[in-house]
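protein11.txt follows; it contains compact mmCIF, C-alpha atoms.
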```
# COMPACT_ATOMS: atom_id res chain seq x y z
CA MET A 1 69.32 98.79 53.79
CA GLU A 2 67.44 96.00 52.06
CA MET A 3 67.60 93.41 54.79
CA GLU A 4 64.36 91.90 53.56
CA THR A 5 66.07 90.67 50.41
CA THR A 6 68.36 88.42 52.42
CA ALA A 7 67.13 84.86 52.18
CA VAL A 8 66.72 83.03 55.46
CA ALA A 9 68.16 79.59 54.92
CA PRO A 10 67.30 76.98 57.57
CA GLY A 11 71.02 76.59 58.27
CA ASN A 12 71.17 80.17 59.50
CA GLN A 13 69.08 79.43 62.54
CA VAL A 14 70.87 79.60 65.84
CA ARG A 15 69.53 78.48 69.18
CA LEU A 16 70.75 80.13 72.37
CA PRO A 17 69.26 78.02 75.17
CA THR A 18 70.33 80.49 77.86
CA GLY A 19 69.63 83.56 75.70
CA ILE A 20 71.62 86.77 75.53
CA LEU A 21 72.26 88.19 79.01
CA GLY A 22 69.35 90.46 79.81
CA PHE A 23 67.25 88.87 77.05
CA GLU A 24 66.83 85.37 78.42
CA GLN A 25 63.32 85.24 76.95
CA PHE A 26 64.66 85.06 73.37
CA ASN A 27 66.26 81.74 72.49
CA ASN A 28 65.85 81.48 68.72
CA TYR A 29 67.87 83.64 66.36
CA VAL A 30 68.68 83.90 62.69
CA LEU A 31 72.18 84.78 61.58
CA LEU A 32 72.11 86.97 58.48
CA ALA A 33 74.97 88.33 56.44
CA ASN A 34 74.50 90.86 53.67
CA PRO A 35 77.64 90.98 51.48
CA ALA A 36 77.39 94.79 51.24
CA GLU A 37 77.57 95.07 55.02
CA MET A 38 80.47 92.70 55.63
CA PRO A 39 82.25 92.19 57.96
CA PHE A 40 79.17 93.00 60.01
CA ALA A 41 76.42 90.43 60.31
CA TRP A 42 73.04 90.38 62.00
CA LEU A 43 71.74 88.18 64.74
CA ARG A 44 68.02 88.66 64.43
CA VAL A 45 65.62 87.60 67.15
CA ALA A 46 63.50 84.93 65.42
CA ASP A 47 60.58 85.41 67.81
CA SER A 48 60.50 89.16 67.23
CA ALA A 49 61.42 90.29 63.71
CA SER A 50 61.99 93.92 64.74
CA LEU A 51 64.83 93.15 67.16
CA ALA A 52 68.39 92.33 66.26
CA PHE A 53 71.99 92.54 67.35
CA VAL A 54 74.85 93.54 65.09
CA VAL A 55 77.74 91.10 65.37
CA ILE A 56 81.23 90.85 63.96
CA ASN A 57 84.13 88.44 63.99
CA PRO A 58 86.18 90.03 66.81
CA PHE A 59 89.50 88.96 65.30
CA ILE A 60 88.93 91.41 62.45
CA ALA A 61 89.02 94.26 64.97
CA MET A 62 91.57 92.72 67.32
CA PRO A 63 93.80 90.07 65.73
CA ASP A 64 95.43 89.13 69.04
CA TYR A 65 92.13 88.65 70.90
CA ALA A 66 92.52 85.53 73.04
CA PRO A 67 89.22 84.70 74.75
CA ASP A 68 89.43 81.93 77.34
CA ILE A 69 86.18 79.96 77.08
CA PRO A 70 85.39 78.33 80.46
CA GLN A 71 85.31 74.52 80.42
CA PRO A 72 81.63 74.24 81.48
CA ASP A 73 80.74 76.35 78.44
CA VAL A 74 82.91 74.18 76.18
CA GLU A 75 81.00 71.15 77.48
CA PHE A 76 77.63 72.87 77.27
CA LEU A 77 78.29 73.74 73.63
CA ASP A 78 79.78 70.29 72.94
CA LEU A 79 82.90 71.78 71.35
CA LYS A 80 85.43 69.05 70.58
CA GLU A 81 88.01 71.36 69.02
CA PRO A 82 88.38 75.11 68.46
CA ALA A 83 87.38 74.71 64.80
CA ASP A 84 83.87 73.65 65.94
CA ALA A 85 83.22 77.15 67.25
CA LEU A 86 82.02 80.25 65.50
CA LEU A 87 82.91 83.35 67.48
CA PHE A 88 81.11 86.66 67.29
CA SER A 89 81.21 89.83 69.33
CA ILE A 90 78.18 92.02 69.79
CA VAL A 91 78.54 95.49 68.30
CA THR A 92 76.89 98.54 69.85
CA LEU A 93 76.14 101.30 67.33
CA ARG A 94 76.63 104.57 69.20
CA GLY A 95 76.37 107.05 66.33
CA PRO A 96 77.26 107.40 62.63
CA ASN A 97 80.98 107.32 63.40
CA ARG A 98 81.06 105.44 66.65
CA ALA A 99 80.67 101.79 67.49
CA THR A 100 81.98 99.54 70.22
CA LEU A 101 82.59 95.85 70.58
CA ASN A 102 81.85 93.64 73.59
CA LEU A 103 84.97 91.55 74.11
CA LYS A 104 84.07 90.27 77.60
CA GLY A 105 80.99 88.37 76.50
CA PRO A 106 81.41 86.92 73.01
CA LEU A 107 78.85 84.72 71.37
CA VAL A 108 80.16 81.21 70.84
CA ILE A 109 78.21 78.98 68.45
CA ASN A 110 78.83 75.33 67.68
CA ARG A 111 78.84 75.44 63.88
CA HIS A 112 77.57 71.84 63.64
CA THR A 113 74.71 71.89 66.17
CA ARG A 114 73.91 75.64 65.67
CA ILE A 115 73.61 75.92 69.45
CA GLY A 116 75.29 78.91 70.97
CA LYS A 117 75.80 80.85 74.15
CA GLN A 118 76.90 84.28 75.22
CA VAL A 119 79.95 83.25 77.18
CA ILE A 120 81.58 85.36 79.86
CA ILE A 121 85.22 84.60 79.14
CA ALA A 122 87.47 83.51 82.00
CA ASN A 123 89.90 86.36 81.18
CA ALA A 124 87.14 89.00 80.98
CA ASN A 125 89.23 91.31 83.18
CA ASN A 126 91.68 91.75 80.27
CA TYR A 127 89.04 93.09 77.91
CA SER A 128 86.41 95.79 77.63
CA VAL A 129 82.68 95.54 76.96
CA GLU A 130 83.07 98.80 75.02
CA HIS A 131 86.15 98.23 72.91
CA PRO A 132 86.20 101.02 70.28
CA LEU A 133 85.64 99.85 66.73
CA PRO A 134 87.16 102.03 63.98
CA VAL A 135 84.15 102.94 61.84
CA ALA A 136 82.94 105.64 59.51
CA ALA A 137 79.40 106.31 58.33
CA ALA A 138 78.63 104.39 55.15
CA SER A 139 78.26 106.71 52.16
CA ALA A 140 74.89 106.37 50.47
CA MET B 1 66.44 86.76 101.64
CA LEU B 2 67.37 83.48 103.28
CA ILE B 3 70.46 83.94 105.42
CA LEU B 4 72.46 80.89 106.48
CA SER B 5 75.61 80.68 108.60
CA ARG B 6 78.29 78.42 107.11
CA LYS B 7 81.80 77.56 108.20
CA SER B 8 84.72 77.04 105.86
CA GLY B 9 84.23 73.69 104.08
CA GLU B 10 80.46 73.70 104.54
CA SER B 11 77.98 73.87 101.68
CA ILE B 12 74.42 74.61 100.77
CA VAL B 13 72.43 72.75 98.13
CA ILE B 14 70.00 74.55 95.81
CA ALA B 15 67.29 72.69 93.88
CA GLY B 16 69.04 69.38 94.46
CA ASN B 17 71.67 69.91 91.76
CA ILE B 18 73.54 73.10 92.65
CA ARG B 19 76.07 73.01 95.46
CA VAL B 20 77.60 76.20 96.83
CA LYS B 21 80.56 75.61 99.12
CA VAL B 22 82.55 78.02 101.24
CA MET B 23 86.10 77.01 100.33
CA ARG B 24 88.09 79.47 102.41
CA VAL B 25 87.69 82.69 104.35
CA GLU B 26 90.60 85.14 104.33
CA GLY B 27 89.86 88.46 106.00
CA ASP B 28 87.00 90.01 104.06
CA VAL B 29 87.42 87.68 101.05
CA VAL B 30 85.32 84.53 100.88
CA LYS B 31 86.27 81.91 98.29
CA ILE B 32 83.15 80.18 97.07
CA GLY B 33 82.97 77.02 94.99
CA VAL B 34 79.90 76.40 92.85
CA ASP B 35 79.00 72.98 91.47
CA ALA B 36 76.17 73.40 89.00
CA PRO B 37 75.04 71.71 85.79
CA SER B 38 76.72 73.32 82.78
CA SER B 39 73.31 74.56 81.63
CA VAL B 40 73.12 76.81 84.70
CA PRO B 41 75.00 80.08 84.12
CA VAL B 42 77.03 81.25 87.12
CA HIS B 43 78.69 84.67 87.00
CA ARG B 44 80.24 87.30 89.17
CA GLN B 45 77.42 89.79 89.53
CA GLU B 46 79.36 92.87 88.39
CA VAL B 47 80.61 91.33 85.12
CA TYR B 48 77.18 89.89 84.49
CA GLU B 49 75.55 93.30 84.97
CA GLU B 50 78.12 95.05 82.78
CA ILE B 51 77.47 92.67 79.89
CA GLN B 52 73.72 92.76 80.45
CA ARG B 53 73.78 96.58 80.31
CA ASN B 54 75.87 96.51 77.16
CA ASN B 55 73.50 94.03 75.52
CA GLN B 56 70.59 96.34 76.25
CA GLN B 57 72.43 99.21 74.54
CA ALA B 58 73.38 96.96 71.62
CA LEU B 59 69.87 95.76 70.82
CA THR B 60 68.80 97.46 67.62
CA GLN B 61 66.44 97.09 64.69
CA PRO B 62 67.25 95.03 61.60
CA SER B 63 66.85 98.20 59.51
CA ALA B 64 69.56 100.14 61.36
CA PRO B 65 72.19 101.55 58.96
CA LEU B 66 75.59 99.97 59.49
CA PRO B 67 78.81 101.94 59.35
CA LYS B 68 81.86 100.86 57.38
CA LEU B 69 84.83 99.47 59.18
CA THR B 70 87.79 101.75 58.66
CA PRO B 71 91.33 100.34 58.45
CA PRO B 72 93.24 100.67 61.71
CA GLN B 73 95.33 103.83 61.92
CA LYS B 74 98.94 102.86 61.58
```

Please, can you express the file's structure as structure tokens?
Amino acid sequence: MEMETTAVAPGNQVRLPTGILGFEQFNNYVLLANPAEMPFAWLRVADSASLAFVVINPFIAMPDYAPDIPQPDVEFLDLKEPADALLFSIVTLRGPNRATLNLKGPLVINRHTRIGKQVIIANANNYSVEHPLPVAAASA
Amino acid sequence: MLILSRKSGESIVIAGNIRVKVMRVEGDVVKIGVDAPSSVPVHRQEVYEEIQRNNQQALTQPSAPLPKLTPPQK
């Protein structure tokens, strides 16, 4: 994987003031997408180049996903309308043919301010943190 | 741990800007209201821990090989 060839444009920076749960110490991230790896993208920790999360648009895996973003989070992110938000789910790679998706705690990013938050959705009880993602190992 | 006795309708204040109020007590269920600035995350502990654990498993290296998404089985 030639991740190093991906240019880091300033617009790809994302700030998560409250961090990712369990990683509150990291607040600055870079969102990277390599066309060959789509629909997966990378959320790389800006303060530590060797750490990253794999993310994906959850609607690709579950078209009827209906996350309920709590109002305090909507205000915190200054979202005026749904179109202001970019939504990602964190992917856990569990083996060459196995990956899961966290649907309880999606990452919501205001596409204008580039400020985001890992939101615990109000209807988290309806979804899994380990929703199976249909994957197969990429052929070399 | 600080332990305080509160009756239904009574509150505690944390750091001047977080108010935790006992709304109602029904048997062994206590309904709690939390007024906090939107920058302060408030979660049920078990959901919080589940997501935190999952995040720890999800953290990887930027060089990790990614699989291909396979079309859903119809």

With stretch 50-65 of chain A as the partner and 9 Å as the cut-off, tabulate the residues of stretch 20-68 of chain B that qualify, each row holding the nearest pair of atoms and their distance in Å to one decimal, using only C-alpha atoms, sorted by chain and rising number, as CSV.
```
residue,atom,partner,partner_atom,distance
B:Asn55,CA,A:Phe53,CA,8.4
B:Ala58,CA,A:Phe53,CA,6.3
B:Leu59,CA,A:Phe53,CA,5.2
B:Thr60,CA,A:Ala52,CA,5.3
B:Gln61,CA,A:Leu51,CA,4.9
B:Pro62,CA,A:Ala52,CA,5.5
B:Ser63,CA,A:Ser50,CA,8.3
B:Leu66,CA,A:Val54,CA,8.6
```

Interatomic distance (Å, one decimal) between atom CA of A:Asp47 and atom CA of A:Leu31: 13.2 Å

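As for atom CA of B:Met23 and atom CA of B:Ala36, they are spaced 15.5 Å apart.
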
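For stretch 3-8 of chain B, the set of protein, DNA and RNA residues having any atom at most 8 Å away, when counting all atoms listed in the file and skipping those fewer than 6 positions along the same chain, is B:Val22, B:Met23, B:Arg24, B:Val25.
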
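What separates atom CA of A:Thr18 from atom CA of B:Asp35 is a distance of 17.8 Å.
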
Contact residues around B:His43 with all atoms listed in the file at 12 Å, ignoring same-chain residues under 6 positions, as number ranges by chain: A: 21, 70, 105, 118-122, 124; B: 32-34, 36, 49-52

Pull out every residue of chain A that has at least one atom within 8 Å of chain B, counting only C-alpha atoms, and report them as an mmCIF file with C-alpha atoms, in the frame of the given file.
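See selection_20.cif below for the written result:
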```
data_model
loop_
_atom_site.group_PDB
_atom_site.id
_atom_site.type_symbol
_atom_site.label_atom_id
_atom_site.label_comp_id
_atom_site.auth_asym_id
_atom_site.auth_seq_id
_atom_site.Cartn_x
_atom_site.Cartn_y
_atom_site.Cartn_z
ATOM 1 C CA MET A 1 69.320 98.790 53.790
ATOM 2 C CA GLU A 2 67.440 96.000 52.060
ATOM 3 C CA MET A 3 67.600 93.410 54.790
ATOM 4 C CA THR A 18 70.330 80.490 77.860
ATOM 5 C CA ILE A 20 71.620 86.770 75.530
ATOM 6 C CA LEU A 21 72.260 88.190 79.010
ATOM 7 C CA GLY A 22 69.350 90.460 79.810
ATOM 8 C CA GLU A 37 77.570 95.070 55.020
ATOM 9 C CA PRO A 39 82.250 92.190 57.960
ATOM 10 C CA PHE A 40 79.170 93.000 60.010
ATOM 11 C CA TRP A 42 73.040 90.380 62.000
ATOM 12 C CA ARG A 44 68.020 88.660 64.430
ATOM 13 C CA ALA A 49 61.420 90.290 63.710
ATOM 14 C CA SER A 50 61.990 93.920 64.740
ATOM 15 C CA LEU A 51 64.830 93.150 67.160
ATOM 16 C CA ALA A 52 68.390 92.330 66.260
ATOM 17 C CA PHE A 53 71.990 92.540 67.350
ATOM 18 C CA VAL A 54 74.850 93.540 65.090
ATOM 19 C CA PRO A 72 81.630 74.240 81.480
ATOM 20 C CA ASP A 73 80.740 76.350 78.440
ATOM 21 C CA GLU A 75 81.000 71.150 77.480
ATOM 22 C CA PHE A 76 77.630 72.870 77.270
ATOM 23 C CA ILE A 90 78.180 92.020 69.790
ATOM 24 C CA VAL A 91 78.540 95.490 68.300
ATOM 25 C CA THR A 92 76.890 98.540 69.850
ATOM 26 C CA LEU A 93 76.140 101.300 67.330
ATOM 27 C CA PRO A 96 77.260 107.400 62.630
ATOM 28 C CA ASN A 97 80.980 107.320 63.400
ATOM 29 C CA ASN A 102 81.850 93.640 73.590
ATOM 30 C CA LYS A 104 84.070 90.270 77.600
ATOM 31 C CA GLY A 105 80.990 88.370 76.500
ATOM 32 C CA ILE A 120 81.580 85.360 79.860
ATOM 33 C CA VAL A 129 82.680 95.540 76.960
ATOM 34 C CA GLU A 130 83.070 98.800 75.020
ATOM 35 C CA LEU A 133 85.640 99.850 66.730
ATOM 36 C CA PRO A 134 87.160 102.030 63.980
ATOM 37 C CA VAL A 135 84.150 102.940 61.840
ATOM 38 C CA ALA A 136 82.940 105.640 59.510
ATOM 39 C CA ALA A 137 79.400 106.310 58.330
ATOM 40 C CA ALA A 138 78.630 104.390 55.150
#
```

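Proximity ranking of A:Ile69, A:Leu103, A:Leu77, A:Val108 relative to A:Asn125 places A:Leu103 first, based on all atoms listed in the file.
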
Residues near A:Asp84, cut-off 12 Å, all atoms listed in the file, skip fewer than 2 positions along chain, as number ranges by chain: A: 74, 77-82, 86-87, 108-116

Can you write out the residues you just picked, keeping C-alpha atoms, as a tab-separated table (two decimals), in the frame of the given file?
```tsv
chain	number	residue	atom	x	y	z
A	74	VAL	CA	82.91	74.18	76.18
A	77	LEU	CA	78.29	73.74	73.63
A	78	ASP	CA	79.78	70.29	72.94
A	79	LEU	CA	82.90	71.78	71.35
A	80	LYS	CA	85.43	69.05	70.58
A	81	GLU	CA	88.01	71.36	69.02
A	82	PRO	CA	88.38	75.11	68.46
A	86	LEU	CA	82.02	80.25	65.50
A	87	LEU	CA	82.91	83.35	67.48
A	108	VAL	CA	80.16	81.21	70.84
A	109	ILE	CA	78.21	78.98	68.45
A	110	ASN	CA	78.83	75.33	67.68
A	111	ARG	CA	78.84	75.44	63.88
A	112	HIS	CA	77.57	71.84	63.64
A	113	THR	CA	74.71	71.89	66.17
A	114	ARG	CA	73.91	75.64	65.67
A	115	ILE	CA	73.61	75.92	69.45
A	116	GLY	CA	75.29	78.91	70.97
```

Return as AutoDock Vina command-line options the box centre and box size in Å, one decimal, for an axis-aligned box around all listed atoms of stretch 96-115 of chain A padded by 4 Å per side.
```
--center_x 79.3 --center_y 89.6 --center_z 70.1 --size_x 19.4 --size_y 43.6 --size_z 23.0
```
